[in-house]
>>> print(open('start.txt').read())   # compact mmCIF, C-alpha atoms
# COMPACT_ATOMS: atom_id res chain seq x y z
CA MET A 1 18.95 -15.12 10.12
CA ALA A 2 17.60 -13.11 7.20
CA SER A 3 18.26 -9.38 7.09
CA TRP A 4 15.94 -6.75 5.66
CA PRO A 5 17.28 -3.17 5.89
CA VAL A 6 13.85 -1.64 5.26
CA VAL A 7 10.55 -3.24 6.22
CA ALA A 8 6.99 -2.01 5.66
CA ILE A 9 4.16 -3.35 7.80
CA THR A 10 0.45 -2.74 7.31
CA GLY A 11 -1.74 -3.16 10.35
CA ALA A 12 1.19 -2.02 12.50
CA SER A 13 -0.93 -0.27 15.12
CA SER A 14 -1.45 -3.37 17.30
CA GLY A 15 -1.27 -7.13 17.52
CA ILE A 16 1.01 -9.14 15.27
CA GLY A 17 1.98 -6.09 13.21
CA ARG A 18 3.20 -4.19 16.25
CA SER A 19 5.13 -7.16 17.63
CA LEU A 20 6.80 -7.80 14.27
CA ALA A 21 7.77 -4.13 14.02
CA VAL A 22 9.52 -4.17 17.39
CA LYS A 23 11.28 -7.48 16.77
CA LEU A 24 12.51 -6.41 13.34
CA ALA A 25 13.70 -3.08 14.72
CA ALA A 26 15.73 -4.99 17.32
CA ARG A 27 17.36 -6.83 14.41
CA GLY A 28 18.39 -3.54 12.83
CA SER A 29 15.62 -2.97 10.29
CA ALA A 30 14.15 0.46 9.65
CA VAL A 31 10.39 0.03 9.83
CA ALA A 32 7.58 1.81 7.97
CA LEU A 33 4.40 1.61 10.04
CA LEU A 34 1.05 1.74 8.22
CA ALA A 35 -2.45 1.61 9.70
CA ARG A 36 -5.51 3.82 10.07
CA ARG A 37 -4.94 5.03 13.66
CA PRO A 38 -2.16 7.65 13.93
CA ASP A 39 -2.10 7.61 17.74
CA ALA A 40 -1.66 3.83 17.88
CA LEU A 41 1.05 4.01 15.21
CA GLU A 42 2.92 6.55 17.33
CA GLU A 43 2.78 4.09 20.22
CA THR A 44 4.29 1.41 17.98
CA ALA A 45 6.95 3.87 16.80
CA ALA A 46 7.90 4.57 20.41
CA LEU A 47 8.37 0.85 21.02
CA VAL A 48 10.45 0.59 17.84
CA GLY A 49 12.61 3.44 19.08
CA ALA A 50 13.02 1.78 22.46
CA ALA A 51 14.22 -1.34 20.65
CA GLY A 52 16.90 0.74 18.96
CA GLY A 53 15.18 1.05 15.63
CA ARG A 54 14.02 3.79 13.29
CA ALA A 55 10.36 4.13 12.35
CA ALA A 56 8.35 6.08 9.80
CA VAL A 57 4.71 6.64 10.81
CA LEU A 58 2.43 6.63 7.75
CA PRO A 59 -1.29 6.58 8.52
CA CYS A 60 -3.37 5.20 5.68
CA ASP A 61 -6.30 2.93 4.92
CA VAL A 62 -5.18 -0.10 2.89
CA ARG A 63 -8.57 -0.12 1.15
CA ASP A 64 -7.52 3.16 -0.48
CA ARG A 65 -5.26 2.22 -3.40
CA ALA A 66 -3.89 5.70 -4.02
CA GLY A 67 -3.42 6.41 -0.32
CA THR A 68 -1.59 3.14 0.25
CA ALA A 69 0.67 3.73 -2.74
CA ALA A 70 1.44 7.25 -1.52
CA ALA A 71 2.25 6.03 1.99
CA LEU A 72 4.61 3.33 0.73
CA ALA A 73 6.26 5.76 -1.68
CA ALA A 74 6.83 8.12 1.25
CA ALA A 75 8.29 5.20 3.23
CA ALA A 76 10.76 4.42 0.46
CA ALA A 77 11.71 8.08 0.14
CA GLU A 78 12.38 8.37 3.87
CA LEU A 79 13.90 4.99 4.69
CA GLY A 80 15.00 3.52 1.36
CA PRO A 81 13.56 0.85 -0.96
CA ILE A 82 11.30 -1.68 0.74
CA ASP A 83 13.05 -5.04 1.19
CA LEU A 84 10.27 -6.79 3.10
CA LEU A 85 6.54 -6.08 2.96
CA LEU A 86 4.34 -7.59 5.66
CA ALA A 87 0.75 -7.18 4.45
CA ASN A 88 -0.85 -7.76 7.81
CA SER A 89 -4.02 -5.63 7.94
CA GLY A 90 -7.15 -7.66 8.46
CA ILE A 91 -10.60 -7.68 10.01
CA ALA A 92 -13.11 -10.37 10.93
CA VAL A 93 -16.84 -9.71 11.07
CA PRO A 94 -19.26 -12.57 11.90
CA ALA A 95 -21.91 -13.19 9.28
CA LYS A 96 -24.74 -15.17 10.86
CA ALA A 97 -27.66 -16.01 8.62
CA THR A 98 -29.98 -14.01 10.87
CA ARG A 99 -27.77 -10.90 10.57
CA TYR A 100 -26.31 -11.24 7.09
CA ASP A 101 -24.74 -7.84 6.45
CA ALA A 102 -23.58 -7.49 2.84
CA ALA A 103 -21.80 -4.21 3.56
CA ALA A 104 -19.77 -5.77 6.40
CA ILE A 105 -18.84 -8.71 4.18
CA ALA A 106 -17.74 -6.36 1.41
CA ASP A 107 -15.62 -4.43 3.91
CA THR A 108 -13.99 -7.70 4.99
CA PHE A 109 -12.93 -8.39 1.41
CA GLU A 110 -11.85 -4.79 0.83
CA THR A 111 -9.55 -4.93 3.84
CA ASN A 112 -8.33 -8.52 3.78
CA VAL A 113 -7.93 -9.02 0.03
CA ILE A 114 -7.85 -5.66 -1.74
CA GLY A 115 -5.78 -4.20 1.09
CA VAL A 116 -3.14 -6.89 0.52
CA THR A 117 -3.10 -6.34 -3.23
CA ASN A 118 -2.89 -2.55 -2.83
CA ALA A 119 0.19 -2.89 -0.64
CA ILE A 120 1.86 -5.43 -2.92
CA ALA A 121 1.14 -3.38 -6.04
CA ALA A 122 2.83 -0.37 -4.44
CA VAL A 123 6.15 -2.12 -3.74
CA LEU A 124 6.37 -4.85 -6.39
CA PRO A 125 7.64 -2.71 -9.31
CA SER A 126 10.68 -1.60 -7.30
CA MET A 127 11.39 -5.16 -6.20
CA LEU A 128 11.19 -6.39 -9.80
CA GLU A 129 13.51 -3.64 -10.93
CA ARG A 130 16.07 -4.48 -8.23
CA GLY A 131 15.66 -8.24 -8.59
CA ARG A 132 15.14 -8.83 -4.88
CA GLY A 133 12.58 -8.46 -2.12
CA HIS A 134 10.22 -10.43 0.07
CA LEU A 135 6.42 -10.19 0.04
CA VAL A 136 4.48 -11.63 2.98
CA GLY A 137 0.71 -11.86 3.28
CA ILE A 138 -1.01 -12.76 6.55
CA SER A 139 -3.71 -15.33 5.86
CA SER A 140 -5.17 -17.77 8.40
CA ILE A 141 -5.45 -21.44 9.26
CA LEU A 142 -9.18 -20.82 8.85
CA SER A 143 -8.57 -20.52 5.12
CA PHE A 144 -8.27 -24.32 5.05
CA ARG A 145 -11.99 -24.80 5.69
CA ALA A 146 -14.84 -22.43 6.51
CA LEU A 147 -16.34 -21.91 9.94
CA ALA A 148 -20.07 -21.37 9.70
CA SER A 149 -20.53 -17.80 10.92
CA HIS A 150 -17.02 -16.68 9.88
CA ALA A 151 -17.25 -17.83 6.27
CA PRO A 152 -16.59 -14.34 4.81
CA TYR A 153 -13.34 -14.06 6.79
CA CYS A 154 -12.35 -17.58 5.78
CA ALA A 155 -13.18 -16.89 2.14
CA SER A 156 -11.15 -13.69 2.13
CA LYS A 157 -8.14 -15.60 3.41
CA VAL A 158 -8.58 -18.28 0.73
CA ALA A 159 -8.34 -15.46 -1.80
CA VAL A 160 -5.12 -14.24 -0.18
CA ASN A 161 -3.66 -17.77 -0.38
CA TYR A 162 -4.35 -18.09 -4.08
CA LEU A 163 -3.23 -14.57 -4.93
CA LEU A 164 0.10 -15.16 -3.21
CA GLU A 165 0.54 -18.63 -4.67
CA GLY A 166 0.03 -17.32 -8.20
CA LEU A 167 2.32 -14.37 -7.59
CA ARG A 168 5.03 -16.60 -6.11
CA THR A 169 5.07 -18.71 -9.27
CA GLN A 170 5.71 -15.61 -11.38
CA VAL A 171 8.24 -13.69 -9.31
CA ALA A 172 10.42 -16.45 -7.83
CA PRO A 173 12.58 -16.56 -10.99
CA ARG A 174 13.03 -12.79 -10.63
CA GLY A 175 14.64 -13.10 -7.18
CA ILE A 176 11.56 -12.20 -5.13
CA LYS A 177 10.27 -14.39 -2.31
CA VAL A 178 6.60 -14.71 -1.44
CA THR A 179 5.43 -16.17 1.88
CA THR A 180 1.91 -16.96 2.98
CA VAL A 181 1.45 -16.89 6.77
CA CYS A 182 -1.45 -18.91 8.19
CA PRO A 183 -1.68 -18.35 11.95
CA GLY A 184 -4.16 -20.10 14.15
CA PHE A 185 -5.79 -18.22 17.00
CA VAL A 186 -3.63 -15.37 18.30
CA GLU A 187 -4.35 -13.17 21.32
CA THR A 188 -5.22 -10.00 19.40
CA PRO A 189 -8.05 -7.48 19.89
CA MET A 190 -9.81 -9.03 16.87
CA ILE A 191 -9.80 -12.52 18.42
CA GLU A 192 -10.77 -11.31 21.90
CA ARG A 193 -14.15 -10.19 20.57
CA ASN A 194 -15.01 -13.71 19.41
CA ARG A 195 -16.61 -16.11 21.88
CA HIS A 196 -16.11 -19.35 19.96
CA PRO A 197 -13.50 -21.92 21.13
CA LYS A 198 -9.89 -20.98 20.39
CA PRO A 199 -7.81 -24.18 20.41
CA GLY A 200 -4.06 -23.68 20.26
CA LEU A 201 -4.27 -19.99 21.23
CA VAL A 202 -0.83 -18.32 21.16
CA THR A 203 0.38 -14.92 22.29
CA VAL A 204 1.17 -12.12 19.87
CA ASP A 205 4.89 -12.33 20.60
CA ASP A 206 4.89 -16.09 20.10
CA ALA A 207 3.14 -15.63 16.76
CA ALA A 208 5.63 -12.99 15.66
CA ASN A 209 8.57 -15.23 16.61
CA ARG A 210 7.10 -18.14 14.64
CA ILE A 211 6.58 -15.92 11.61
CA LEU A 212 10.14 -14.60 11.69
CA ARG A 213 11.56 -18.11 12.05
CA GLY A 214 9.61 -19.15 8.98
CA LEU A 215 10.81 -16.14 6.99
CA ASP A 216 14.41 -16.75 8.06
CA ARG A 217 14.11 -20.26 6.68
CA GLY A 218 12.66 -19.03 3.39
CA LYS A 219 9.44 -20.99 3.82
CA ARG A 220 6.71 -20.55 1.25
CA VAL A 221 3.96 -21.17 3.79
CA VAL A 222 4.20 -20.62 7.55
CA ALA A 223 1.27 -22.28 9.36
CA PHE A 224 1.03 -22.61 13.13
CA PRO A 225 0.51 -24.06 15.69
CA ALA A 226 1.61 -27.22 13.87
CA HIS A 227 -0.98 -29.53 15.44
CA ILE A 228 -3.86 -27.18 14.60
CA ALA A 229 -2.55 -26.71 11.05
CA LEU A 230 -2.37 -30.50 10.65
CA PHE A 231 -5.90 -30.91 11.98
CA MET A 232 -7.25 -28.28 9.58
CA ARG A 233 -5.48 -29.93 6.64
CA ILE A 234 -7.01 -33.27 7.61
CA VAL A 235 -10.52 -31.85 7.84
CA THR A 236 -10.25 -30.61 4.25
CA LEU A 237 -10.60 -34.31 3.37
CA LEU A 238 -13.85 -34.76 5.31
CA PRO A 239 -17.12 -35.07 3.40
CA ALA A 240 -19.14 -31.86 3.45
CA PRO A 241 -21.97 -33.20 5.70
CA VAL A 242 -19.43 -34.29 8.35
CA TRP A 243 -17.64 -30.95 8.34
CA GLU A 244 -20.92 -29.02 8.45
CA ARG A 245 -21.89 -30.78 11.68
CA ILE A 246 -18.50 -29.87 13.20
CA ALA A 247 -18.65 -26.29 11.92
CA ARG A 248 -22.08 -25.69 13.48
CA LYS A 249 -20.71 -26.62 16.90
CA VAL A 250 -17.57 -24.52 16.56
CA GLY A 251 -19.36 -21.44 15.29
>>> encode(input="start.txt", output="structure tokens")
Amino acid sequence: MASWPVVAITGASSGIGRSLAVKLAARGSAVALLARRPDALEETAALVGAAGGRAAVLPCDVRDRAGTAAALAAAAAELGPIDLLLANSGIAVPAKATRYDAAAIADTFETNVIGVTNAIAAVLPSMLERGRGHLVGISSILSFRALASHAPYCASKVAVNYLLEGLRTQVAPRGIKVTTVCPGFVETPMIERNRHPKPGLVTVDDAANRILRGLDRGKRVVAFPAHIALFMRIVTLLPAPVWERIARKVG
């Protein structure tokens, strides 16, 4: 079982981020909690405390580069250097052709892609200096192929995959691990708003357990559930017209 004395989690106010915070606290990690909602972060901090852990509550918007850097600097000052970053913040906004909202799509990329890079940029210099650390970005199984009305979300997660893959190549020789996490459908507030089919749906706690098992094993990519991940990898081989017919039915 891997050990990280100090962990920072973006999107820690609910869902996977909250569950990971509590589970890591139970392992003995001090946890820096970042998200936009201070009240929800305080709720997560209370759960961390109940698990026997120590939490630092640091409200910020990951789209704000300076604010994210300041929050993570404050986390390091209070808890110590960040050993594990879980860049978990993300949003999903449908983009149907009849309601194609450029501003909403831009916000998706600002949160899902720029938010990840802002968090990584804030902790990477210290990790490089110390020659150790672990960077984790939460992507999605839907990055393997686009769903019709969720293409902006899918595209943002493709960007996360490539950013992390390129970074991994550079920093692995410097003692830093990089893991891309590609969950399927997880019972989070974001997913509950979507009415499309959700094959292989897992609970938040199940998702967090799967992620931690993957990190413990030092995996480069953690994709689950396995049968859904396999299906999505197979459909990447389908001709475009075949996939388009499937994607229209799914949503």
>>> atom_distance(input="start.txt", atom1="atom CA of A:Ala55", atom2="atom CA of A:Val31")
4.8 Å
>>> residues_around(input="start.txt", residues="A:Val48", least_positions_apart="4", cutoff="12 Å", atoms="all atoms listed in the file", output="PyMOL selection string")
chain A and resi 12-13+17-33+41-44+52-57
>>> atom_distance(input="start.txt", atom1="atom CA of A:Arg99", atom2="atom CA of A:Cys154")
17.5 Å
>>> atom_distance(input="start.txt", atom1="atom CA of A:Glu187", atom2="atom CA of A:Trp4")
26.4 Å
>>> closest_residue(input="start.txt", among="A:Leu47, A:Ala229, A:Ala97, A:Ile211", to="A:Ala148", atoms="only C-alpha atoms")
A:Ala97
>>> closest_residue(input="start.txt", among="A:Thr188, A:Ser126, A:Thr117, A:Thr68", to="A:Ile176", atoms="all atoms listed in the file")
A:Ser126
>>> closest_residue(input="start.txt", among="A:Gly115, A:Gly184, A:Pro5, A:Pro173", to="A:Leu79", atoms="only C-alpha atoms")
A:Pro5
>>> residues_around(input="start.txt", residues="stretch 242-251 of chain A", least_positions_apart="6", cutoff="12 Å", atoms="all atoms listed in the file", output="list in words")
Pro94, Ala95, Lys96, Ala97, Leu142, Phe144, Arg145, Ala146, Leu147, Ala148, Ser149, His150, Ala151, Asn194, Arg195, His196, Pro197, Lys198, Pro199, Met232, Ile234, Val235 and Thr236 of chain A
>>> residues_around(input="start.txt", residues="stretch 107-110 of chain A", least_positions_apart="5", cutoff="10 Å", atoms="only C-alpha atoms", output="VMD selection string")
chain A and resid 62 to 64 90 to 94 102 115 to 118 152 to 153 155 to 157 159 to 160
